[in-house]
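Reproduced below: coords.txt, with compact mmCIF, C-alpha atoms.
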```txt
# COMPACT_ATOMS: atom_id res chain seq x y z
CA MET A 1 -139.44 97.85 173.88
CA GLY A 2 -140.90 101.21 174.76
CA TYR A 3 -140.87 104.13 177.14
CA ARG A 4 -142.61 105.43 180.22
CA LEU A 5 -143.18 109.15 180.65
CA SER A 6 -144.93 111.32 183.18
CA ARG A 7 -148.13 112.98 181.96
CA PRO A 8 -146.39 116.38 181.55
CA GLY A 9 -143.55 114.70 179.69
CA ALA A 10 -145.98 112.99 177.35
CA GLY A 11 -147.70 116.34 176.81
CA GLU A 12 -144.38 117.80 175.73
CA LEU A 13 -143.90 114.91 173.29
CA PHE A 14 -147.42 115.53 171.93
CA ARG A 15 -146.61 119.18 171.31
CA LYS A 16 -143.53 118.09 169.41
CA TRP A 17 -145.71 115.85 167.22
CA ALA A 18 -148.26 118.63 166.72
CA ARG A 19 -145.61 120.88 165.19
CA GLN A 20 -145.15 118.38 162.39
CA TYR A 21 -148.59 116.76 162.12
CA ASP A 22 -152.26 117.60 162.10
CA VAL A 23 -153.29 115.37 165.00
CA PHE A 24 -156.73 113.77 164.93
CA GLY A 25 -158.35 111.88 167.77
CA PRO A 26 -161.70 111.08 169.36
CA LYS A 27 -162.84 114.19 171.23
CA ARG A 28 -165.97 115.10 173.11
CA MET A 29 -168.02 117.70 171.27
CA GLU A 30 -170.34 119.24 173.83
CA GLY A 31 -173.92 119.90 172.81
CA GLU A 32 -173.47 118.37 169.35
CA GLY A 33 -175.26 115.09 170.00
CA CYS A 34 -178.77 114.14 168.88
CA PHE A 35 -180.23 116.63 171.35
CA SER A 36 -179.09 120.07 172.42
CA ASP A 37 -178.06 118.82 175.85
CA THR A 38 -176.17 115.72 174.71
CA ASP A 39 -172.57 115.34 173.64
CA VAL A 40 -171.03 113.26 170.88
CA ILE A 41 -167.57 111.71 170.62
CA ARG A 42 -166.22 112.02 167.11
CA TYR A 43 -162.93 112.69 165.36
CA GLY A 44 -161.47 116.15 165.06
CA LYS A 45 -158.17 117.96 165.40
CA VAL A 46 -156.80 117.83 168.93
CA SER A 47 -154.21 120.10 170.50
CA SER A 48 -153.37 118.09 173.63
CA LEU A 49 -153.63 114.63 175.14
CA ASP A 50 -156.29 115.94 177.50
CA GLU A 51 -158.68 116.55 174.58
CA ILE A 52 -158.66 112.88 173.60
CA VAL A 53 -161.35 110.63 175.09
CA TRP A 54 -159.51 107.57 176.40
CA ASP A 55 -162.19 105.67 178.29
CA GLN A 56 -164.96 105.43 175.67
CA ARG A 57 -165.22 104.25 172.10
CA SER A 58 -166.01 107.14 169.78
CA ASP A 59 -169.55 107.40 168.42
CA TYR A 60 -168.16 107.99 164.93
CA SER A 61 -165.12 106.30 163.42
CA PHE A 62 -161.77 107.73 162.38
CA LYS A 63 -162.92 107.64 158.75
CA GLU A 64 -163.58 111.36 158.38
CA ALA A 65 -159.90 112.07 159.13
CA LEU A 66 -158.93 110.23 155.93
CA LEU A 67 -162.07 110.74 153.85
CA ALA A 68 -163.64 114.15 154.11
CA ILE A 69 -167.43 114.10 154.41
CA ASN A 70 -167.57 116.72 151.66
CA GLU A 71 -164.48 116.82 149.42
CA THR A 72 -163.85 119.03 146.41
CA LEU A 73 -162.27 116.96 143.64
CA PHE A 74 -161.63 119.83 141.23
CA TYR A 75 -162.66 123.35 140.34
CA PHE A 76 -163.74 124.03 136.77
CA THR A 77 -164.28 126.89 134.36
CA GLU A 78 -165.39 126.73 130.72
CA ASP A 79 -162.10 125.24 129.55
CA THR A 80 -159.95 124.44 132.60
CA ALA A 81 -160.05 122.15 135.63
CA THR A 82 -157.87 122.56 138.71
CA VAL A 83 -157.29 119.93 141.39
CA PRO A 84 -157.03 121.47 144.88
CA LYS A 85 -153.83 120.88 146.76
CA GLY A 86 -153.61 118.24 149.45
CA PRO A 87 -153.15 118.81 153.19
CA ASP A 88 -150.40 121.17 154.30
CA LYS A 89 -149.17 118.82 157.04
CA ASP A 90 -148.93 115.08 157.56
CA LEU A 91 -151.65 113.39 159.61
CA LEU A 92 -151.31 111.61 162.94
CA ILE A 93 -154.45 109.68 163.91
CA PHE A 94 -155.17 108.18 167.34
CA LEU A 95 -157.44 105.13 167.03
CA ARG A 96 -158.28 101.73 168.50
CA ALA A 97 -157.56 98.24 167.15
CA CYS A 98 -160.92 97.76 165.43
CA ASP A 99 -160.53 101.06 163.59
CA LEU A 100 -156.93 100.35 162.63
CA ASN A 101 -158.15 97.11 161.09
CA GLY A 102 -160.70 99.30 159.30
CA VAL A 103 -157.83 101.17 157.63
CA ARG A 104 -156.86 97.89 155.97
CA ARG A 105 -160.38 97.64 154.53
CA LEU A 106 -160.27 101.19 153.19
CA ASP A 107 -156.87 100.53 151.62
CA GLN A 108 -158.26 97.40 149.98
CA ILE A 109 -161.14 99.34 148.46
CA TYR A 110 -159.36 102.52 147.40
CA LEU A 111 -155.84 101.28 146.60
CA GLN A 112 -156.03 97.55 145.78
CA ASN A 113 -159.31 97.29 143.93
CA GLY A 114 -158.43 98.35 140.41
CA PRO A 115 -157.14 101.87 139.69
CA GLU A 116 -155.92 103.66 142.81
CA ASP A 117 -158.00 106.52 144.11
CA PHE A 118 -155.81 109.60 143.72
CA TYR A 119 -157.46 111.63 146.47
CA TYR A 120 -157.41 108.90 149.07
CA LYS A 121 -153.85 107.87 148.22
CA ARG A 122 -152.33 111.33 148.64
CA ILE A 123 -153.75 111.59 152.15
CA ARG A 124 -153.17 107.97 153.12
CA GLU A 125 -149.47 108.19 152.23
CA ARG A 126 -149.09 111.07 154.68
CA ALA A 127 -150.94 109.44 157.57
CA LYS A 128 -149.48 107.69 160.60
CA PHE A 129 -151.46 105.88 163.25
CA VAL A 130 -151.17 105.82 167.04
CA LEU A 131 -152.87 102.81 168.56
CA MET A 132 -154.97 103.40 171.69
CA GLY A 133 -155.22 100.37 173.94
CA CYS A 134 -158.54 98.87 175.01
CA GLY A 135 -158.54 97.92 178.67
CA GLN A 136 -162.12 96.65 178.54
CA THR A 137 -164.77 95.84 175.98
CA CYS A 138 -167.43 98.28 174.87
CA GLU A 139 -171.07 97.31 175.24
CA THR A 140 -171.97 96.49 171.63
CA GLY A 141 -168.61 95.70 170.04
CA PHE A 142 -167.83 92.19 168.82
CA CYS A 143 -164.28 92.70 167.55
CA VAL A 144 -163.07 89.42 169.11
CA SER A 145 -165.55 87.49 166.97
CA MET A 146 -164.27 89.30 163.87
CA GLY A 147 -160.58 88.89 164.78
CA THR A 148 -160.07 92.66 164.77
CA ASN A 149 -159.41 93.06 168.49
CA VAL A 150 -155.65 92.89 167.85
CA CYS A 151 -153.33 94.56 165.36
CA ASP A 152 -149.61 94.93 164.87
CA ASP A 153 -149.23 97.52 162.10
CA TYR A 154 -149.25 100.69 164.19
CA ASP A 155 -146.66 103.48 164.08
CA ALA A 156 -146.91 104.08 167.82
CA TYR A 157 -148.87 102.75 170.77
CA ILE A 158 -149.94 104.85 173.73
CA LYS A 159 -151.50 104.01 177.06
CA VAL A 160 -152.51 106.80 179.42
CA ASP A 161 -152.79 105.53 182.98
CA GLY A 162 -153.37 108.34 185.44
CA ASP A 163 -150.20 110.40 185.75
CA ARG A 164 -148.05 108.14 183.64
CA VAL A 165 -147.99 107.34 179.93
CA ASP A 166 -146.53 104.22 178.31
CA LEU A 167 -145.43 104.30 174.69
CA ASP A 168 -144.18 101.90 172.06
CA ILE A 169 -142.88 104.05 169.21
CA ARG A 170 -142.04 102.18 166.03
CA ALA A 171 -141.92 104.97 163.44
CA GLU A 172 -138.57 106.71 163.47
CA GLU A 173 -140.20 110.04 162.63
CA LEU A 174 -142.22 109.90 165.85
CA ASP A 175 -139.38 108.85 168.13
CA PRO A 176 -137.19 111.68 169.49
CA TYR A 177 -135.41 109.41 171.97
CA GLY A 178 -133.09 107.44 169.73
CA GLY A 179 -135.27 104.98 167.84
CA ASP A 180 -134.26 101.33 167.89
CA GLN A 181 -130.81 102.19 169.21
CA GLY A 182 -132.34 103.81 172.24
CA ARG A 183 -134.62 100.88 172.87
CA GLU A 184 -131.62 98.53 172.70
CA GLY A 185 -129.94 100.59 175.39
CA GLN A 186 -126.77 101.59 173.52
CA ALA A 187 -124.52 104.14 175.16
CA GLY A 188 -125.14 107.81 174.58
CA THR A 189 -128.82 107.55 173.73
CA GLY A 190 -130.00 109.57 176.70
CA VAL A 191 -132.73 107.01 177.42
CA GLY A 192 -132.87 105.74 180.96
CA SER A 193 -132.98 101.96 181.31
CA GLY A 194 -135.33 100.21 183.72
CA THR A 195 -137.90 97.52 184.28
CA ALA A 196 -141.61 98.07 184.69
CA ALA A 197 -141.24 97.84 188.47
CA GLU A 198 -138.46 100.41 188.48
CA ALA A 199 -140.58 102.67 186.29
CA GLU A 200 -143.51 102.77 188.71
CA GLY A 201 -142.18 105.91 190.33
CA VAL A 202 -141.76 107.85 187.10
CA ALA A 203 -144.93 109.91 187.31
CA ALA A 204 -144.59 110.79 190.97
CA ALA A 205 -140.90 111.49 191.04
CA GLY A 206 -139.76 114.59 189.24
CA PRO A 207 -136.23 115.43 188.09
CA GLU A 208 -135.30 116.66 191.55
CA ALA A 209 -136.25 113.29 193.06
CA GLY A 210 -134.28 111.39 190.46
CA GLY A 211 -137.31 109.61 188.99
CA VAL A 212 -137.18 111.22 185.54
CA ALA A 213 -134.30 113.50 184.78
CA ALA A 214 -134.69 116.72 182.89
CA ALA A 215 -132.51 117.06 179.82
CA GLY A 216 -129.22 118.62 180.76
CA SER A 217 -129.34 117.47 184.39
CA GLU A 218 -126.59 115.32 185.78
CA THR A 219 -129.08 112.52 186.32
CA GLY A 220 -130.15 112.37 182.72
CA GLY A 221 -126.86 113.30 181.11
CA ALA A 222 -128.62 113.82 177.79
CA ALA A 223 -127.63 117.39 177.00
CA ALA A 224 -123.94 116.70 177.46
CA THR A 225 -123.87 114.07 174.75
CA GLY A 226 -125.79 116.18 172.22
CA PRO A 227 -127.56 115.02 169.10
CA GLU A 228 -124.27 114.50 167.26
CA THR A 229 -123.39 111.60 169.56
CA GLY A 230 -126.88 110.13 169.54
CA GLY A 231 -128.08 111.76 172.74
CA ALA A 232 -131.24 113.76 173.29
CA ALA A 233 -131.06 117.49 172.71
CA ALA A 234 -131.61 119.96 175.54
CA ALA A 235 -135.14 120.81 176.55
CA GLY A 236 -136.73 123.45 174.37
CA SER A 237 -134.44 122.82 171.39
CA GLU A 238 -136.51 123.91 168.41
CA ALA A 239 -133.92 122.56 165.97
CA GLU A 240 -134.28 118.98 167.14
CA GLY A 241 -137.63 119.31 168.88
CA VAL A 242 -136.63 116.71 171.48
CA PRO A 243 -138.73 116.71 174.65
CA GLY A 244 -136.81 117.64 177.78
CA GLU A 245 -137.85 114.68 179.94
CA VAL A 246 -135.72 111.57 179.64
CA PRO A 247 -138.07 108.57 179.70
CA VAL A 248 -137.58 105.26 181.44
CA ARG A 249 -137.01 102.46 178.98
CA MET A 250 -139.20 99.39 179.46
CA ASP A 251 -141.16 96.70 177.65
CA VAL A 252 -144.53 98.02 176.47
CA SER A 253 -147.19 95.81 174.91
CA PRO A 254 -150.61 97.01 173.72
CA ASP A 255 -153.73 96.26 175.73
CA PHE A 256 -156.19 94.27 173.62
CA VAL A 257 -159.68 93.10 174.49
CA THR A 258 -159.86 89.31 174.77
CA GLU A 259 -163.61 88.89 175.30
CA ASN A 260 -166.69 90.88 174.30
CA LYS A 261 -170.11 90.96 175.90
CA GLU A 262 -171.53 90.74 172.38
CA LYS A 263 -170.58 87.60 170.48
CA VAL A 264 -171.20 86.92 166.81
CA THR A 265 -171.03 83.73 164.78
CA LEU A 266 -170.37 84.32 161.10
CA PRO A 267 -172.28 82.15 158.63
CA ARG A 268 -169.75 80.32 156.49
CA ASN A 269 -171.82 78.44 153.91
CA LEU A 270 -174.47 80.85 152.76
CA SER A 271 -176.52 79.66 149.81
CA ASN A 272 -178.45 81.66 147.25
CA ALA A 273 -181.54 81.04 149.35
CA SER A 274 -180.04 83.32 152.00
CA PHE A 275 -180.70 86.30 149.76
CA THR A 276 -184.45 85.72 149.75
CA LYS A 277 -185.08 84.89 153.40
CA GLU A 278 -187.95 86.57 155.24
CA ILE A 279 -185.47 88.07 157.69
CA TRP A 280 -184.73 90.89 155.24
CA GLN A 281 -188.34 91.99 154.96
CA GLU A 282 -188.69 91.77 158.73
CA TYR A 283 -185.77 94.12 159.29
CA GLY A 284 -186.82 96.23 156.31
CA SER A 285 -190.21 96.91 157.89
CA ARG A 286 -188.42 98.55 160.82
CA CYS A 287 -185.67 100.42 158.93
CA ILE A 288 -186.47 104.07 158.15
CA GLY A 289 -183.60 104.49 155.68
CA CYS A 290 -181.75 107.22 157.58
CA GLY A 291 -178.27 105.90 156.72
CA ARG A 292 -176.80 106.55 160.16
CA CYS A 293 -175.36 103.03 160.29
CA ASN A 294 -173.29 103.79 157.19
CA PHE A 295 -172.00 107.11 158.43
CA VAL A 296 -170.62 105.75 161.72
CA CYS A 297 -169.14 102.65 160.10
CA PRO A 298 -165.34 102.70 159.62
CA THR A 299 -165.51 100.57 156.45
CA CYS A 300 -168.50 101.99 154.52
CA THR A 301 -167.20 103.86 151.48
CA CYS A 302 -170.30 104.81 149.47
CA PHE A 303 -170.35 108.32 148.07
CA THR A 304 -172.22 110.41 145.54
CA MET A 305 -171.06 113.23 143.28
CA GLN A 306 -172.29 116.82 143.21
CA ASP A 307 -171.57 119.50 140.63
CA ILE A 308 -171.84 122.94 142.20
CA PHE A 309 -172.32 125.95 139.90
CA TYR A 310 -171.58 129.41 141.28
CA LYS A 311 -174.39 131.94 141.16
CA ASP A 312 -172.24 134.84 139.95
CA ASN A 313 -170.98 132.75 137.02
CA PRO A 314 -172.91 129.56 136.19
CA LYS A 315 -170.08 128.37 133.93
CA VAL A 316 -167.72 128.09 136.87
CA GLY A 317 -167.98 125.69 139.78
CA GLU A 318 -166.64 122.61 141.49
CA ARG A 319 -167.23 118.87 141.66
CA ARG A 320 -167.57 117.37 145.10
CA ARG A 321 -167.47 113.84 146.45
CA VAL A 322 -169.94 113.54 149.33
CA TRP A 323 -170.60 110.67 151.72
CA ALA A 324 -173.72 108.72 150.83
CA SER A 325 -175.58 105.66 152.06
CA CYS A 326 -176.82 102.53 150.34
CA GLN A 327 -179.81 102.68 152.72
CA VAL A 328 -181.29 106.00 151.59
CA ASP A 329 -183.78 106.75 148.84
CA GLY A 330 -182.27 107.68 145.51
CA TYR A 331 -178.85 106.09 146.00
CA THR A 332 -179.35 103.54 143.21
CA ASP A 333 -181.17 105.89 140.82
CA MET A 334 -179.83 105.77 137.26
CA ALA A 335 -180.37 107.67 134.04
CA GLY A 336 -183.56 106.67 132.26
CA GLY A 337 -185.58 106.45 135.45
CA HIS A 338 -184.14 103.12 136.59
CA SER A 339 -183.63 102.31 140.27
CA TYR A 340 -182.54 99.20 142.13
CA ARG A 341 -183.12 97.91 145.66
CA LYS A 342 -186.21 100.04 146.21
CA SER A 343 -187.38 98.35 149.42
CA GLN A 344 -185.60 98.80 152.75
CA GLY A 345 -185.41 95.04 153.10
CA ASP A 346 -183.40 94.75 149.87
CA ARG A 347 -181.09 97.53 151.05
CA MET A 348 -180.57 95.89 154.43
CA ARG A 349 -179.75 92.61 152.71
CA PHE A 350 -177.27 94.33 150.41
CA LYS A 351 -175.42 96.00 153.30
CA VAL A 352 -175.22 92.95 155.54
CA MET A 353 -174.25 90.51 152.80
CA HIS A 354 -171.63 92.89 151.47
CA LYS A 355 -170.05 93.13 154.93
CA ILE A 356 -169.90 89.41 155.71
CA TYR A 357 -170.14 87.61 152.35
CA ASP A 358 -169.36 89.53 149.15
CA PHE A 359 -166.28 91.34 150.41
CA GLU A 360 -164.81 88.19 151.96
CA LYS A 361 -165.47 86.24 148.79
CA ARG A 362 -163.39 88.79 146.84
CA PHE A 363 -160.63 89.62 149.29
CA GLY A 364 -160.46 86.77 151.78
CA TYR A 365 -161.65 88.47 154.97
CA PRO A 366 -164.87 90.14 156.17
CA MET A 367 -165.45 93.84 155.65
CA CYS A 368 -166.99 94.32 159.08
CA VAL A 369 -164.59 94.97 161.98
CA GLY A 370 -167.14 94.47 164.76
CA CYS A 371 -166.95 97.95 166.27
CA GLY A 372 -170.68 97.86 167.13
CA ARG A 373 -171.34 101.51 166.32
CA CYS A 374 -174.19 100.69 163.95
CA ASP A 375 -176.09 98.96 166.74
CA ASP A 376 -175.65 101.99 169.00
CA VAL A 377 -176.70 104.62 166.48
CA CYS A 378 -179.79 102.99 164.96
CA PRO A 379 -182.93 104.92 165.96
CA GLU A 380 -185.04 101.79 165.40
CA TYR A 381 -182.80 99.58 167.55
CA ILE A 382 -181.98 97.23 164.69
CA SER A 383 -179.07 95.05 165.76
CA TYR A 384 -176.64 94.18 163.00
CA ALA A 385 -174.99 91.66 165.34
CA ASN A 386 -178.30 89.88 165.96
CA CYS A 387 -178.96 89.82 162.23
CA ILE A 388 -175.68 88.01 161.59
CA ASN A 389 -176.35 85.52 164.38
CA ARG A 390 -179.80 84.82 163.00
CA LEU A 391 -178.34 84.14 159.56
CA ALA A 392 -175.83 81.73 161.08
CA LYS A 393 -178.57 79.99 163.09
CA GLU A 394 -180.87 79.63 160.08
CA GLU A 395 -177.96 78.39 157.98
CA SER A 396 -177.22 75.73 160.57
CA ALA A 397 -180.88 74.70 160.66
CA ASP A 398 -181.02 74.49 156.86
CA GLU A 399 -177.96 72.21 156.79
CA LYS A 400 -179.65 69.82 159.20
```
Represent the supplied structure as structure tokens.
Amino acid sequence: MGYRLSRPGAGELFRKWARQYDVFGPKRMEGEGCFSDTDVIRYGKVSSLDEIVWDQRSDYSFKEALLAINETLFYFTEDTATVPKGPDKDLLIFLRACDLNGVRRLDQIYLQNGPEDFYYKRIRERAKFVLMGCGQTCETGFCVSMGTNVCDDYDAYIKVDGDRVDLDIRAEELDPYGGDQGREGQAGTGVGSGTAAEAEGVAAAGPEAGGVAAAGSETGGAAATGPETGGAAAAGSEAEGVPGEVPVRMDVSPDFVTENKEKVTLPRNLSNASFTKEIWQEYGSRCIGCGRCNFVCPTCTCFTMQDIFYKDNPKVGERRRVWASCQVDGYTDMAGGHSYRKSQGDRMRFKVMHKIYDFEKRFGYPMCVGCGRCDDVCPEYISYANCINRLAKEESADEK
């Protein structure tokens, strides 16, 4: 069960959320693409629903909202170390089903893979997720093939459709309309009851027309009951922060993609011979080792460490954790002059096999969520999806 609001009413609800949370969503950053006259859609703090890009998949994933690209782990002097404080506010992240499935992968790596990562955990515990529906498939995504086109572990779902907004709010902290009691239609909740057909006029009809009543109006009756009796507070109440518009109650189910243009078949019986196939050298001859595929991926977690020493006092500084890529030169360098996976073909093999073989062998499901961003961002037009399909085809041929 959920709610339907007008666009202005949903904007008021968003402002209520923004008072409590740092809200992150996919936003268009003008002139920050590969060229000076191109835009990029990536995650950043948003101040209104209008800033969020609803009709396109973001070029970069939600990952940088949970894992800073450049994060200070501690500051140090000659004899002390100080861990910086965490975020001042909780996080509210708008994301799609494939990315929300990516959160599960990050949790597996940082929280359920040996000792918990302190820095990730303190942010993850303060994060809530708002699912954005997918009305149609993106060009390069193959989430249906990976089983990541659907998810059920969201704190709220939102669908913006012109002048109306549908919501399914599960987290009590995000729901100012009465929580489960309101959705069950108990008396005194201040939530108007109605079917989807009855709710069609919500956006067009204002309080005066009786479509959506303002708090305190005779139509809504919310202000009279007051928060003590379970009703919604009057509009503008800073104490309760309850939006003034009384929504129409209705069934709301997320929109999920059911078919992709891009389809992938996962190889299921890879042998050791798969690690030495010529396919890796073929792709390696094209790869330039830029690492862009890793940086847009919602499940890549490689990082490197940097010790920064201040110029005014070289005995004082900070240690930083910085995003890195298994595809770039120097990533596998070790003390003593040792280095592994020196060729781009070996690095490509490592990345692909980790996504579809090694991770699943350890945890029972693939690491890749099929978002397709790596295919879009590669300057050499290397298709990760085609690589997987070729492995599956060659595996099938080998079995025959």
Residue nearest Ala127 of chain A among A:Gln281, A:Ser271, A:Thr77, A:Gln20 (counting only C-alpha atoms): A:Gln20
Contacts of Asp90 of chain A at 9 Å (only C-alpha atoms; same-chain gap of 3+ positions) as a PyMOL selection string: chain A and resi 20-23+87+123+125-128
Box time for segment 30-43 of chain A: axis-aligned, enclosing all its listed atoms, 8 Å extra on each side; report centre and edge lengths in Å to one decimal, as JSON.
```
{"center_x": -171.6, "center_y": 115.9, "center_z": 170.6, "size_x": 33.3, "size_y": 24.4, "size_z": 26.5}
```
Nearby residues (all atoms listed in the file) at most 10 Å from Cys371 of chain A, same-chain spacing under 3 positions excluded, as a PyMOL selection string: chain A and resi 57-58+61+96-99+102+138-144+146+148-149+296-298+368+374-376
Selected residue of minimal separation from Asn313 of chain A among A:Phe76, A:Phe129, A:Tyr120, A:Tyr357, counting all atoms listed in the file: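 When distances to Asn313 of chain A are compared using all atoms listed in the file, the smallest one comes from A:Phe76.
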Where atoms are lacking, segment 68-89 of chain A completed to N, CA, C and O atoms, as a PDB file, keeping the file's coordinate frame:
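Final output, saved to result.pdb:
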```pdb
ATOM      1  N   ALA A  68    -162.807 113.019 153.726  1.00  0.00           N
ATOM      2  CA  ALA A  68    -163.640 114.150 154.110  1.00  0.00           C
ATOM      3  C   ALA A  68    -165.108 113.869 153.775  1.00  0.00           C
ATOM      4  O   ALA A  68    -165.419 113.254 152.752  1.00  0.00           O
ATOM      5  N   ILE A  69    -166.002 114.296 154.647  1.00  0.00           N
ATOM      6  CA  ILE A  69    -167.430 114.100 154.410  1.00  0.00           C
ATOM      7  C   ILE A  69    -167.844 114.798 153.113  1.00  0.00           C
ATOM      8  O   ILE A  69    -168.661 114.280 152.341  1.00  0.00           O
ATOM      9  N   ASN A  70    -167.280 115.937 152.865  1.00  0.00           N
ATOM     10  CA  ASN A  70    -167.570 116.720 151.660  1.00  0.00           C
ATOM     11  C   ASN A  70    -166.226 117.171 151.090  1.00  0.00           C
ATOM     12  O   ASN A  70    -165.574 118.035 151.649  1.00  0.00           O
ATOM     13  N   GLU A  71    -165.812 116.573 149.986  1.00  0.00           N
ATOM     14  CA  GLU A  71    -164.480 116.820 149.420  1.00  0.00           C
ATOM     15  C   GLU A  71    -164.551 117.367 148.002  1.00  0.00           C
ATOM     16  O   GLU A  71    -165.207 116.766 147.138  1.00  0.00           O
ATOM     17  N   THR A  72    -163.911 118.474 147.763  1.00  0.00           N
ATOM     18  CA  THR A  72    -163.850 119.030 146.410  1.00  0.00           C
ATOM     19  C   THR A  72    -162.791 118.289 145.605  1.00  0.00           C
ATOM     20  O   THR A  72    -161.614 118.258 145.983  1.00  0.00           O
ATOM     21  N   LEU A  73    -163.200 117.696 144.492  1.00  0.00           N
ATOM     22  CA  LEU A  73    -162.270 116.960 143.640  1.00  0.00           C
ATOM     23  C   LEU A  73    -161.551 117.884 142.655  1.00  0.00           C
ATOM     24  O   LEU A  73    -160.360 117.709 142.394  1.00  0.00           O
ATOM     25  N   PHE A  74    -162.280 118.842 142.107  1.00  0.00           N
ATOM     26  CA  PHE A  74    -161.630 119.830 141.230  1.00  0.00           C
ATOM     27  C   PHE A  74    -162.555 121.021 141.041  1.00  0.00           C
ATOM     28  O   PHE A  74    -163.773 120.941 141.212  1.00  0.00           O
ATOM     29  N   TYR A  75    -161.942 122.127 140.714  1.00  0.00           N
ATOM     30  CA  TYR A  75    -162.660 123.350 140.340  1.00  0.00           C
ATOM     31  C   TYR A  75    -162.642 123.447 138.812  1.00  0.00           C
ATOM     32  O   TYR A  75    -161.655 123.062 138.170  1.00  0.00           O
ATOM     33  N   PHE A  76    -163.708 123.962 138.221  1.00  0.00           N
ATOM     34  CA  PHE A  76    -163.740 124.030 136.770  1.00  0.00           C
ATOM     35  C   PHE A  76    -164.249 125.387 136.282  1.00  0.00           C
ATOM     36  O   PHE A  76    -165.013 126.082 136.973  1.00  0.00           O
ATOM     37  N   THR A  77    -163.754 125.751 135.107  1.00  0.00           N
ATOM     38  CA  THR A  77    -164.280 126.890 134.360  1.00  0.00           C
ATOM     39  C   THR A  77    -164.739 126.339 133.009  1.00  0.00           C
ATOM     40  O   THR A  77    -164.890 125.122 132.853  1.00  0.00           O
ATOM     41  N   GLU A  78    -164.934 127.203 132.034  1.00  0.00           N
ATOM     42  CA  GLU A  78    -165.390 126.730 130.720  1.00  0.00           C
ATOM     43  C   GLU A  78    -164.381 125.798 130.064  1.00  0.00           C
ATOM     44  O   GLU A  78    -164.757 124.853 129.378  1.00  0.00           O
ATOM     45  N   ASP A  79    -163.098 126.048 130.270  1.00  0.00           N
ATOM     46  CA  ASP A  79    -162.100 125.240 129.550  1.00  0.00           C
ATOM     47  C   ASP A  79    -160.935 124.772 130.426  1.00  0.00           C
ATOM     48  O   ASP A  79    -159.931 124.279 129.905  1.00  0.00           O
ATOM     49  N   THR A  80    -161.033 124.905 131.733  1.00  0.00           N
ATOM     50  CA  THR A  80    -159.950 124.440 132.600  1.00  0.00           C
ATOM     51  C   THR A  80    -160.525 123.706 133.812  1.00  0.00           C
ATOM     52  O   THR A  80    -161.682 123.911 134.196  1.00  0.00           O
ATOM     53  N   ALA A  81    -159.707 122.842 134.385  1.00  0.00           N
ATOM     54  CA  ALA A  81    -160.050 122.150 135.630  1.00  0.00           C
ATOM     55  C   ALA A  81    -158.810 122.143 136.514  1.00  0.00           C
ATOM     56  O   ALA A  81    -157.705 121.866 136.041  1.00  0.00           O
ATOM     57  N   THR A  82    -158.993 122.462 137.788  1.00  0.00           N
ATOM     58  CA  THR A  82    -157.870 122.560 138.710  1.00  0.00           C
ATOM     59  C   THR A  82    -158.132 121.686 139.937  1.00  0.00           C
ATOM     60  O   THR A  82    -159.160 121.820 140.603  1.00  0.00           O
ATOM     61  N   VAL A  83    -157.186 120.801 140.216  1.00  0.00           N
ATOM     62  CA  VAL A  83    -157.290 119.930 141.390  1.00  0.00           C
ATOM     63  C   VAL A  83    -156.766 120.686 142.601  1.00  0.00           C
ATOM     64  O   VAL A  83    -155.657 121.221 142.570  1.00  0.00           O
ATOM     65  N   PRO A  84    -157.523 120.769 143.687  1.00  0.00           N
ATOM     66  CA  PRO A  84    -157.030 121.470 144.880  1.00  0.00           C
ATOM     67  C   PRO A  84    -155.845 120.744 145.486  1.00  0.00           C
ATOM     68  O   PRO A  84    -155.701 119.527 145.339  1.00  0.00           O
ATOM     69  N   LYS A  85    -155.003 121.492 146.152  1.00  0.00           N
ATOM     70  CA  LYS A  85    -153.830 120.880 146.760  1.00  0.00           C
ATOM     71  C   LYS A  85    -154.238 120.018 147.950  1.00  0.00           C
ATOM     72  O   LYS A  85    -155.319 120.177 148.527  1.00  0.00           O
ATOM     73  N   GLY A  86    -153.358 119.112 148.323  1.00  0.00           N
ATOM     74  CA  GLY A  86    -153.610 118.240 149.450  1.00  0.00           C
ATOM     75  C   GLY A  86    -153.359 118.947 150.765  1.00  0.00           C
ATOM     76  O   GLY A  86    -153.139 120.170 150.810  1.00  0.00           O
ATOM     77  N   PRO A  87    -153.358 118.199 151.867  1.00  0.00           N
ATOM     78  CA  PRO A  87    -153.150 118.810 153.190  1.00  0.00           C
ATOM     79  C   PRO A  87    -151.771 119.430 153.316  1.00  0.00           C
ATOM     80  O   PRO A  87    -150.799 118.958 152.715  1.00  0.00           O
ATOM     81  N   ASP A  88    -151.672 120.491 154.094  1.00  0.00           N
ATOM     82  CA  ASP A  88    -150.400 121.170 154.300  1.00  0.00           C
ATOM     83  C   ASP A  88    -149.442 120.359 155.170  1.00  0.00           C
ATOM     84  O   ASP A  88    -148.228 120.422 155.003  1.00  0.00           O
ATOM     85  N   LYS A  89    -149.993 119.589 156.109  1.00  0.00           N
ATOM     86  CA  LYS A  89    -149.170 118.820 157.040  1.00  0.00           C
ATOM     87  C   LYS A  89    -149.547 117.341 156.972  1.00  0.00           C
ATOM     88  O   LYS A  89    -150.629 116.972 156.504  1.00  0.00           O
TER      89      LYS A  89
END
```
